[in-house]
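K.L.:
Structure: target.cif, mmCIF, C-alpha atoms.
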```cif
data_structure
#
loop_
_atom_site.label_atom_id
_atom_site.label_comp_id
_atom_site.auth_asym_id
_atom_site.auth_seq_id
_atom_site.Cartn_x
_atom_site.Cartn_y
_atom_site.Cartn_z
CA MET A 1 15.72 -9.75 18.63
CA ASN A 2 18.13 -6.95 17.93
CA ALA A 3 16.55 -3.66 18.97
CA GLU A 4 19.92 -1.92 18.45
CA ALA A 5 19.13 -1.45 14.77
CA THR A 6 16.39 1.03 15.75
CA GLY A 7 17.19 4.41 14.26
CA LYS A 8 19.38 3.00 11.50
CA SER A 9 18.72 4.51 8.07
CA TYR A 10 19.71 3.50 4.57
CA PRO A 11 20.96 5.36 1.48
CA PRO A 12 18.30 7.06 -0.70
CA PHE A 13 16.63 4.96 -3.40
CA GLU A 14 15.78 6.83 -6.57
CA TYR A 15 12.84 5.99 -8.86
CA GLU A 16 11.85 7.81 -12.05
CA VAL A 17 8.10 7.69 -12.60
CA GLY A 18 7.00 6.74 -16.11
CA ARG A 19 3.64 7.18 -17.77
CA GLU A 20 3.41 3.56 -18.98
CA LYS A 21 4.30 2.20 -15.52
CA ILE A 22 1.47 4.28 -14.05
CA ARG A 23 -0.85 2.87 -16.71
CA GLU A 24 0.22 -0.71 -15.96
CA TYR A 25 -0.24 -0.22 -12.21
CA ALA A 26 -3.56 1.62 -12.52
CA HIS A 27 -4.88 -1.09 -14.83
CA ALA A 28 -3.78 -3.88 -12.44
CA VAL A 29 -5.60 -2.36 -9.46
CA GLY A 30 -8.76 -1.59 -11.44
CA GLU A 31 -8.50 2.20 -11.63
CA ASP A 32 -10.37 3.90 -14.47
CA ASN A 33 -9.99 7.61 -13.69
CA PRO A 34 -8.60 9.23 -16.90
CA VAL A 35 -6.11 11.33 -14.89
CA TYR A 36 -4.06 8.11 -14.53
CA PHE A 37 -4.05 7.38 -18.28
CA ASP A 38 -4.45 10.57 -20.28
CA ARG A 39 -2.14 13.60 -20.15
CA ALA A 40 -4.81 16.03 -21.33
CA ALA A 41 -7.29 14.84 -18.70
CA ALA A 42 -4.59 15.05 -16.02
CA THR A 43 -3.46 18.58 -16.88
CA GLU A 44 -7.09 19.66 -17.19
CA ALA A 45 -7.56 18.45 -13.60
CA GLY A 46 -4.56 20.49 -12.46
CA PHE A 47 -1.83 17.84 -12.44
CA ARG A 48 1.58 18.53 -14.03
CA ASP A 49 1.32 15.30 -16.08
CA VAL A 50 -0.40 11.90 -15.88
CA ALA A 51 -1.01 11.34 -12.15
CA ALA A 52 -0.06 8.25 -10.15
CA PRO A 53 -2.78 6.63 -8.01
CA PRO A 54 -2.05 7.12 -4.28
CA MET A 55 -1.09 3.46 -3.74
CA PHE A 56 1.50 3.73 -6.54
CA ALA A 57 3.62 4.73 -3.52
CA VAL A 58 4.33 0.99 -3.23
CA VAL A 59 6.01 0.99 -6.64
CA TYR A 60 8.50 3.79 -6.01
CA SER A 61 9.19 3.18 -2.33
CA SER A 62 9.39 -0.60 -1.90
CA GLY A 63 12.84 -0.68 -3.53
CA SER A 64 13.97 1.42 -0.60
CA VAL A 65 12.44 -0.86 2.06
CA ALA A 66 13.98 -4.10 0.75
CA PRO A 67 17.59 -3.42 1.89
CA ALA A 68 16.32 -2.63 5.40
CA ILE A 69 14.21 -5.79 5.55
CA PHE A 70 17.16 -7.91 4.36
CA ASP A 71 19.71 -6.17 6.63
CA PRO A 72 21.40 -8.79 8.89
CA ASP A 73 21.57 -6.08 11.62
CA VAL A 74 17.76 -6.09 11.64
CA GLY A 75 17.72 -9.90 11.62
CA LEU A 76 14.16 -10.44 10.43
CA ASN A 77 13.21 -14.14 10.18
CA PHE A 78 11.59 -14.48 6.75
CA ALA A 79 10.13 -17.91 7.34
CA MET A 80 7.85 -16.47 10.03
CA VAL A 81 7.10 -12.95 8.80
CA VAL A 82 3.77 -11.45 7.79
CA HIS A 83 2.99 -7.91 6.64
CA GLY A 84 1.01 -6.77 9.66
CA SER A 85 0.00 -3.22 8.89
CA GLN A 86 0.65 -0.33 6.56
CA GLU A 87 0.13 3.39 6.61
CA PHE A 88 0.70 6.05 3.98
CA GLU A 89 0.40 9.79 4.46
CA TRP A 90 0.36 11.67 1.17
CA GLY A 91 1.68 15.12 0.35
CA GLU A 92 2.43 16.57 -3.09
CA PRO A 93 0.89 14.37 -5.85
CA VAL A 94 3.24 12.18 -7.91
CA CYS A 95 3.14 12.56 -11.69
CA SER A 96 4.84 11.02 -14.68
CA GLY A 97 8.35 12.41 -15.07
CA ASP A 98 8.91 12.89 -11.34
CA VAL A 99 12.10 11.54 -9.80
CA ILE A 100 11.26 10.22 -6.35
CA SER A 101 13.91 9.68 -3.72
CA THR A 102 13.02 7.47 -0.75
CA VAL A 103 14.90 7.01 2.50
CA THR A 104 14.04 4.11 4.81
CA SER A 105 14.78 3.99 8.51
CA VAL A 106 14.15 1.44 11.24
CA LYS A 107 11.54 3.07 13.43
CA ASP A 108 11.00 0.38 16.04
CA ILE A 109 11.88 -3.20 16.88
CA SER A 110 9.96 -4.60 19.82
CA GLU A 111 8.42 -7.76 21.21
CA ARG A 112 4.86 -8.18 22.49
CA GLY A 113 3.25 -11.47 23.43
CA GLY A 114 5.86 -13.63 21.70
CA MET A 115 5.59 -11.68 18.48
CA GLY A 116 8.24 -9.39 17.06
CA PHE A 117 7.20 -6.06 15.57
CA TYR A 118 9.58 -4.59 13.00
CA VAL A 119 8.50 -1.11 11.98
CA PHE A 120 10.13 0.69 9.05
CA GLU A 121 9.49 4.27 7.95
CA THR A 122 9.93 5.57 4.43
CA VAL A 123 10.04 9.24 3.48
CA SER A 124 9.73 9.96 -0.23
CA THR A 125 10.46 13.33 -1.81
CA ASN A 126 10.28 14.55 -5.39
CA GLN A 127 12.90 16.35 -7.51
CA ASP A 128 11.85 19.69 -5.99
CA GLY A 129 12.34 18.45 -2.45
CA GLN A 130 8.60 18.25 -1.72
CA GLU A 131 7.47 15.34 0.44
CA VAL A 132 5.16 13.09 -1.57
CA VAL A 133 4.53 10.27 0.88
CA ARG A 134 5.50 9.00 4.29
CA GLY A 135 5.04 5.26 4.78
CA THR A 136 4.99 3.11 7.92
CA TRP A 137 5.55 -0.58 7.19
CA THR A 138 4.99 -3.03 10.05
CA ASN A 139 6.18 -6.61 9.74
CA ILE A 140 5.18 -9.12 12.39
CA VAL A 141 7.30 -12.18 13.16
CA ARG A 142 5.75 -15.03 15.11
CA GLY A 143 7.62 -16.94 17.79
CA VAL A 144 10.52 -14.63 18.59
CA SER A 145 10.85 -15.42 22.29
CA MET B 1 -20.55 9.82 2.30
CA ASN B 2 -20.87 6.17 1.43
CA VAL B 3 -17.82 3.95 1.00
CA GLU B 4 -18.76 0.83 -0.90
CA LEU B 5 -16.87 -1.09 -3.57
CA LYS B 6 -17.13 -4.67 -4.77
CA VAL B 7 -14.48 -6.25 -6.96
CA THR B 8 -13.64 -9.83 -7.90
CA PRO B 9 -9.98 -10.26 -8.83
CA ASP B 10 -9.66 -12.84 -11.61
CA LYS B 11 -7.39 -15.88 -11.52
CA TYR B 12 -4.45 -14.05 -13.14
CA LEU B 13 -4.81 -10.78 -11.22
CA PRO B 14 -1.98 -11.66 -8.80
CA HIS B 15 0.34 -12.08 -11.80
CA ARG B 16 -0.57 -8.68 -13.18
CA TYR B 17 -0.22 -7.07 -9.76
CA ALA B 18 3.15 -8.80 -9.29
CA GLY B 19 4.36 -7.29 -12.56
CA ALA B 20 2.95 -3.87 -11.77
CA SER B 21 4.30 -3.74 -8.21
CA GLY B 22 7.49 -5.79 -8.55
CA ASP B 23 6.46 -8.21 -5.77
CA PHE B 24 6.94 -11.70 -7.23
CA ASN B 25 6.80 -13.60 -3.93
CA PRO B 26 5.69 -17.10 -5.09
CA ILE B 27 3.00 -17.35 -2.39
CA HIS B 28 1.05 -14.86 -4.54
CA ILE B 29 1.54 -16.38 -7.99
CA ASP B 30 2.30 -20.08 -7.61
CA PRO B 31 -0.52 -22.24 -6.17
CA GLU B 32 1.78 -25.28 -5.85
CA PHE B 33 4.40 -23.33 -3.91
CA ALA B 34 1.68 -21.79 -1.72
CA LYS B 35 0.37 -25.27 -0.84
CA GLN B 36 3.88 -26.48 -0.03
CA VAL B 37 4.17 -23.76 2.62
CA GLY B 38 0.79 -24.63 4.14
CA LEU B 39 -1.55 -22.16 2.44
CA PRO B 40 -4.81 -23.29 0.80
CA SER B 41 -3.71 -21.73 -2.51
CA ASN B 42 -1.93 -18.64 -3.81
CA ILE B 43 -3.06 -15.55 -1.92
CA LEU B 44 -3.66 -11.94 -2.94
CA HIS B 45 -1.02 -9.30 -2.25
CA GLY B 46 -2.15 -7.39 0.85
CA LEU B 47 -1.12 -4.14 -0.84
CA TYR B 48 -3.43 -4.96 -3.77
CA THR B 49 -6.33 -5.24 -1.34
CA MET B 50 -5.20 -2.00 0.33
CA ALA B 51 -5.30 -0.38 -3.13
CA GLN B 52 -8.98 -1.38 -3.36
CA VAL B 53 -9.60 0.27 0.01
CA ALA B 54 -7.82 3.40 -1.25
CA ARG B 55 -9.87 3.39 -4.47
CA ALA B 56 -13.17 2.95 -2.61
CA ASN B 57 -12.39 5.89 -0.32
CA VAL B 58 -11.21 8.16 -3.18
CA ASP B 59 -14.42 7.32 -5.07
CA ALA B 60 -16.51 8.14 -1.99
CA ALA B 61 -14.75 11.50 -1.70
CA GLY B 62 -15.68 12.36 -5.30
CA GLY B 63 -12.93 10.66 -7.30
CA ASP B 64 -10.01 13.09 -6.95
CA PRO B 65 -6.94 11.12 -5.78
CA ARG B 66 -5.67 14.28 -4.00
CA SER B 67 -8.55 13.92 -1.52
CA LEU B 68 -6.90 10.89 0.12
CA LYS B 69 -4.49 12.32 2.68
CA ARG B 70 -3.78 9.27 4.81
CA LEU B 71 -4.69 5.59 4.91
CA SER B 72 -3.72 3.05 7.52
CA VAL B 73 -4.76 -0.61 7.55
CA GLN B 74 -4.11 -3.87 9.33
CA PHE B 75 -3.77 -7.02 7.23
CA ARG B 76 -5.59 -9.95 8.77
CA GLY B 77 -6.50 -13.23 7.16
CA MET B 78 -5.77 -14.13 3.58
CA GLY B 79 -7.38 -12.86 0.41
CA PHE B 80 -7.88 -15.12 -2.61
CA PRO B 81 -8.38 -14.57 -6.34
CA GLU B 82 -11.77 -15.41 -7.85
CA GLN B 83 -13.65 -14.37 -4.70
CA GLU B 84 -15.45 -11.07 -4.31
CA ILE B 85 -13.82 -8.40 -2.15
CA SER B 86 -16.20 -6.02 -0.45
CA VAL B 87 -14.82 -2.69 0.78
CA THR B 88 -16.95 -0.71 3.21
CA GLY B 89 -16.50 2.34 5.37
CA LYS B 90 -18.34 4.72 7.60
CA VAL B 91 -17.62 8.25 8.70
CA LYS B 92 -16.18 8.26 12.17
CA GLU B 93 -15.42 11.93 12.59
CA VAL B 94 -15.61 15.23 10.72
CA ARG B 95 -12.76 17.37 11.93
CA GLU B 96 -12.88 21.13 12.38
CA ASP B 97 -10.70 21.66 9.32
CA GLY B 98 -13.30 19.78 7.24
CA ARG B 99 -11.32 16.58 6.88
CA VAL B 100 -13.35 13.41 7.20
CA ILE B 101 -12.07 10.37 9.08
CA VAL B 102 -13.50 7.12 7.73
CA GLN B 103 -13.33 3.76 9.45
CA THR B 104 -12.91 1.28 6.62
CA GLU B 105 -12.32 -2.43 5.99
CA ALA B 106 -12.30 -5.13 3.33
CA ALA B 107 -13.91 -8.56 3.53
CA GLN B 108 -14.17 -11.70 1.43
CA GLY B 109 -17.03 -14.08 2.06
CA GLY B 110 -17.79 -12.36 5.34
CA LYS B 111 -14.20 -12.74 6.58
CA ARG B 112 -12.36 -9.48 7.14
CA ILE B 113 -9.02 -9.41 5.32
CA ILE B 114 -8.30 -5.76 6.08
CA ARG B 115 -9.48 -4.40 9.38
CA ASN B 116 -9.10 -1.30 11.52
CA GLY B 117 -8.57 0.75 8.40
CA GLU B 118 -8.67 4.49 8.76
CA ALA B 119 -8.80 6.94 5.88
CA GLU B 120 -8.42 10.70 6.13
CA LEU B 121 -10.21 12.49 3.30
CA GLU B 122 -10.32 16.08 2.19
CA THR B 123 -13.67 16.77 0.58
CA GLY B 124 -15.14 19.70 -1.28
#
```
Take the structure in this file and express it as structure tokens.

P.N.:
Amino acid sequence: MNAEATGKSYPPFEYEVGREKIREYAHAVGEDNPVYFDRAAATEAGFRDVAAPPMFAVVYSSGSVAPAIFDPDVGLNFAMVVHGSQEFEWGEPVCSGDVISTVTSVKDISERGGMGFYVFETVSTNQDGQEVVRGTWTNIVRGVS
Amino acid sequence: MNVELKVTPDKYLPHRYAGASGDFNPIHIDPEFAKQVGLPSNILHGLYTMAQVARANVDAAGGDPRSLKRLSVQFRGMGFPEQEISVTGKVKEVREDGRVIVQTEAAQGGKRIIRNGEAELETG
């Protein structure tokens, strides 16, 4: 395992949030709250526009994680990897029309009991510089030692 | 506060979630491929199941997505389409600032597929 990649960060990944993409995502995960589908309902509830469900974070931030996961410096063995755990901490809500910029960094690479833990952190901010979500993505690789 | 949600993803749910999320890993959408790599069949996206945990906790907090401040989960075991997912949770702590910490998990057929989940909710 190459722990030297710890601390490495990657260029920002930009994602523009669209109303129809929110609708598609919300529908796929079974959401029915009108704030995800209807602009009037969303603004009535105090959002700037149609709101994204919290887990929509996956849609705008995973494009930032991919280059880190595929980085040869990180050296993650795909044949043996599983998504071990996930955390999101939300800040300012994300709405249609927002432009979200996400930066990924390698938070930790370590080995415990023959398993490799590859932990990535994403920090996503909106067009006004407000933090919208902080994600911790832990991939576990079996049989590293 | 009672966290409880039951949902049965249909056969084509993983395809819709793949399109919505951008994750087209064939283990989620191609039963033949999944079997070739030693799985019983195609499996649910873990982040889809996590979205059900998020939804259950938002609902329990009154339905406002802004009430969910943090969610952490561990993925264990595999989830499958056409089997009921049951999300549960219980209040573990009410903090001084009023935020509620919920211990939450998701199971299918009695087998936990998300465990050690913790949600931080702002209520009221």

K.L.:
Can you work out which residues from chain A touch chain B at a cut-off of 6 Å (counting all atoms listed in the file) and hand them back as an NGL selection string?

P.N.:
:A and (24-25 or 28 or 55 or 59 or 84-90)

K.L.:
In terms of the shortest atom-to-atom distance over all atoms listed in the file, which of A:Val106, A:Ala41, A:Val144, A:Ala57 is closest to Phe70 of chain A?

P.N.:
A:Val106

K.L.:
For atom CA of Gly135 of chain A and atom CA of Tyr60 of chain A, determine how far apart the two atoms are, in Å to one decimal place.

P.N.:
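About the pair atom CA of Gly135 of chain A and atom CA of Tyr60 of chain A: they are 11.4 Å apart.
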
K.L.:
Can you list, as a PDB file with C-alpha atoms, in the frame of the given file, the residues that the PyMOL selection byres ((chain A and resi 46) around 12) selects here?

P.N.:
```pdb
ATOM      1  CA  VAL A  35      -6.110  11.330 -14.890  1.00  0.00           C
ATOM      2  CA  ARG A  39      -2.140  13.600 -20.150  1.00  0.00           C
ATOM      3  CA  ALA A  40      -4.810  16.030 -21.330  1.00  0.00           C
ATOM      4  CA  ALA A  41      -7.290  14.840 -18.700  1.00  0.00           C
ATOM      5  CA  ALA A  42      -4.590  15.050 -16.020  1.00  0.00           C
ATOM      6  CA  THR A  43      -3.460  18.580 -16.880  1.00  0.00           C
ATOM      7  CA  GLU A  44      -7.090  19.660 -17.190  1.00  0.00           C
ATOM      8  CA  ALA A  45      -7.560  18.450 -13.600  1.00  0.00           C
ATOM      9  CA  PHE A  47      -1.830  17.840 -12.440  1.00  0.00           C
ATOM     10  CA  ARG A  48       1.580  18.530 -14.030  1.00  0.00           C
ATOM     11  CA  ASP A  49       1.320  15.300 -16.080  1.00  0.00           C
ATOM     12  CA  VAL A  50      -0.400  11.900 -15.880  1.00  0.00           C
ATOM     13  CA  ALA A  51      -1.010  11.340 -12.150  1.00  0.00           C
ATOM     14  CA  PRO A  93       0.890  14.370  -5.850  1.00  0.00           C
ATOM     15  CA  CYS A  95       3.140  12.560 -11.690  1.00  0.00           C
TER      16      CYS A  95
ATOM     17  CA  ASP B  64     -10.010  13.090  -6.950  1.00  0.00           C
ATOM     18  CA  PRO B  65      -6.940  11.120  -5.780  1.00  0.00           C
ATOM     19  CA  ARG B  66      -5.670  14.280  -4.000  1.00  0.00           C
TER      20      ARG B  66
END
```

K.L.:
Using all atoms listed in the file, which residues sit within 7 Å of Gln127 of chain A once same-chain residues fewer than 3 positions away are excluded, as a ChimeraX atom specification?

P.N.:
/A:98-100

K.L.:
Please report the interatomic distance between atom CA of Gln83 of chain B and atom CA of Ile43 of chain B in Å with one decimal.

P.N.:
11.0 Å

K.L.:
Kindly provide, as an MDAnalysis selection string, the polymer residues lying within 10 Å of (-16.7, 8.8, 11.5), counting all atoms listed in the file and using the coordinates exactly as they appear in the file.

P.N.:
chainID B and resid 89:95 100:104 118:119

K.L.:
By how many Å are atom CA of Ser124 of chain A and atom CA of Ser101 of chain A apart?

P.N.:
5.5 Å

K.L.:
Starting from 6 Å padding per side, set up an axis-aligned box that covers all listed atoms of segment 107-121 of chain A and hand over centre and edge lengths in Å, one decimal, as AutoDock Vina command-line options.

P.N.:
```
--center_x 7.6 --center_y -4.7 --center_z 15.7 --size_x 20.6 --size_y 29.9 --size_z 27.5
```

K.L.:
Could you tell me, as a PyMOL selection string, exactly which residues end up selected when the PyMOL selection byres ((chain A and resi 81) around 7) is applied to this structure?

P.N.:
chain A and resi 77-80+82-83+139-142

K.L.:
My list of candidates is A:Ala68, A:Val123, A:Val74, A:Val133. Which is closest to Ser110 of chain A when distances are computed with all atoms listed in the file?

P.N.:
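The shortest atom-to-atom distance to Ser110 of chain A comes from A:Val74.
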
K.L.:
Please identify all polymer residues lying at most 9 Å from the point (5.4, 1.2, 5.2) (file coordinates), using all atoms listed in the file, and present the result as a PyMOL selection string.

P.N.:
chain A and resi 58+61-62+65+85-88+119-122+134-138

K.L.:
Check the smallest atom-to-atom distance from each of B:Leu5, B:Ile113, B:Met78, B:Ala61 to His28 of chain B using all atoms listed in the file, then report the winner.

P.N.:
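Using all atoms listed in the file, His28 of chain B sits closest to B:Met78.
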
K.L.:
May I have the residues within 7 Å of Arg19 of chain A as an MDAnalysis selection string, using all atoms listed in the file and disregarding those fewer than 2 positions away in the same chain?

P.N.:
chainID A and resid 17 21:23 50 96
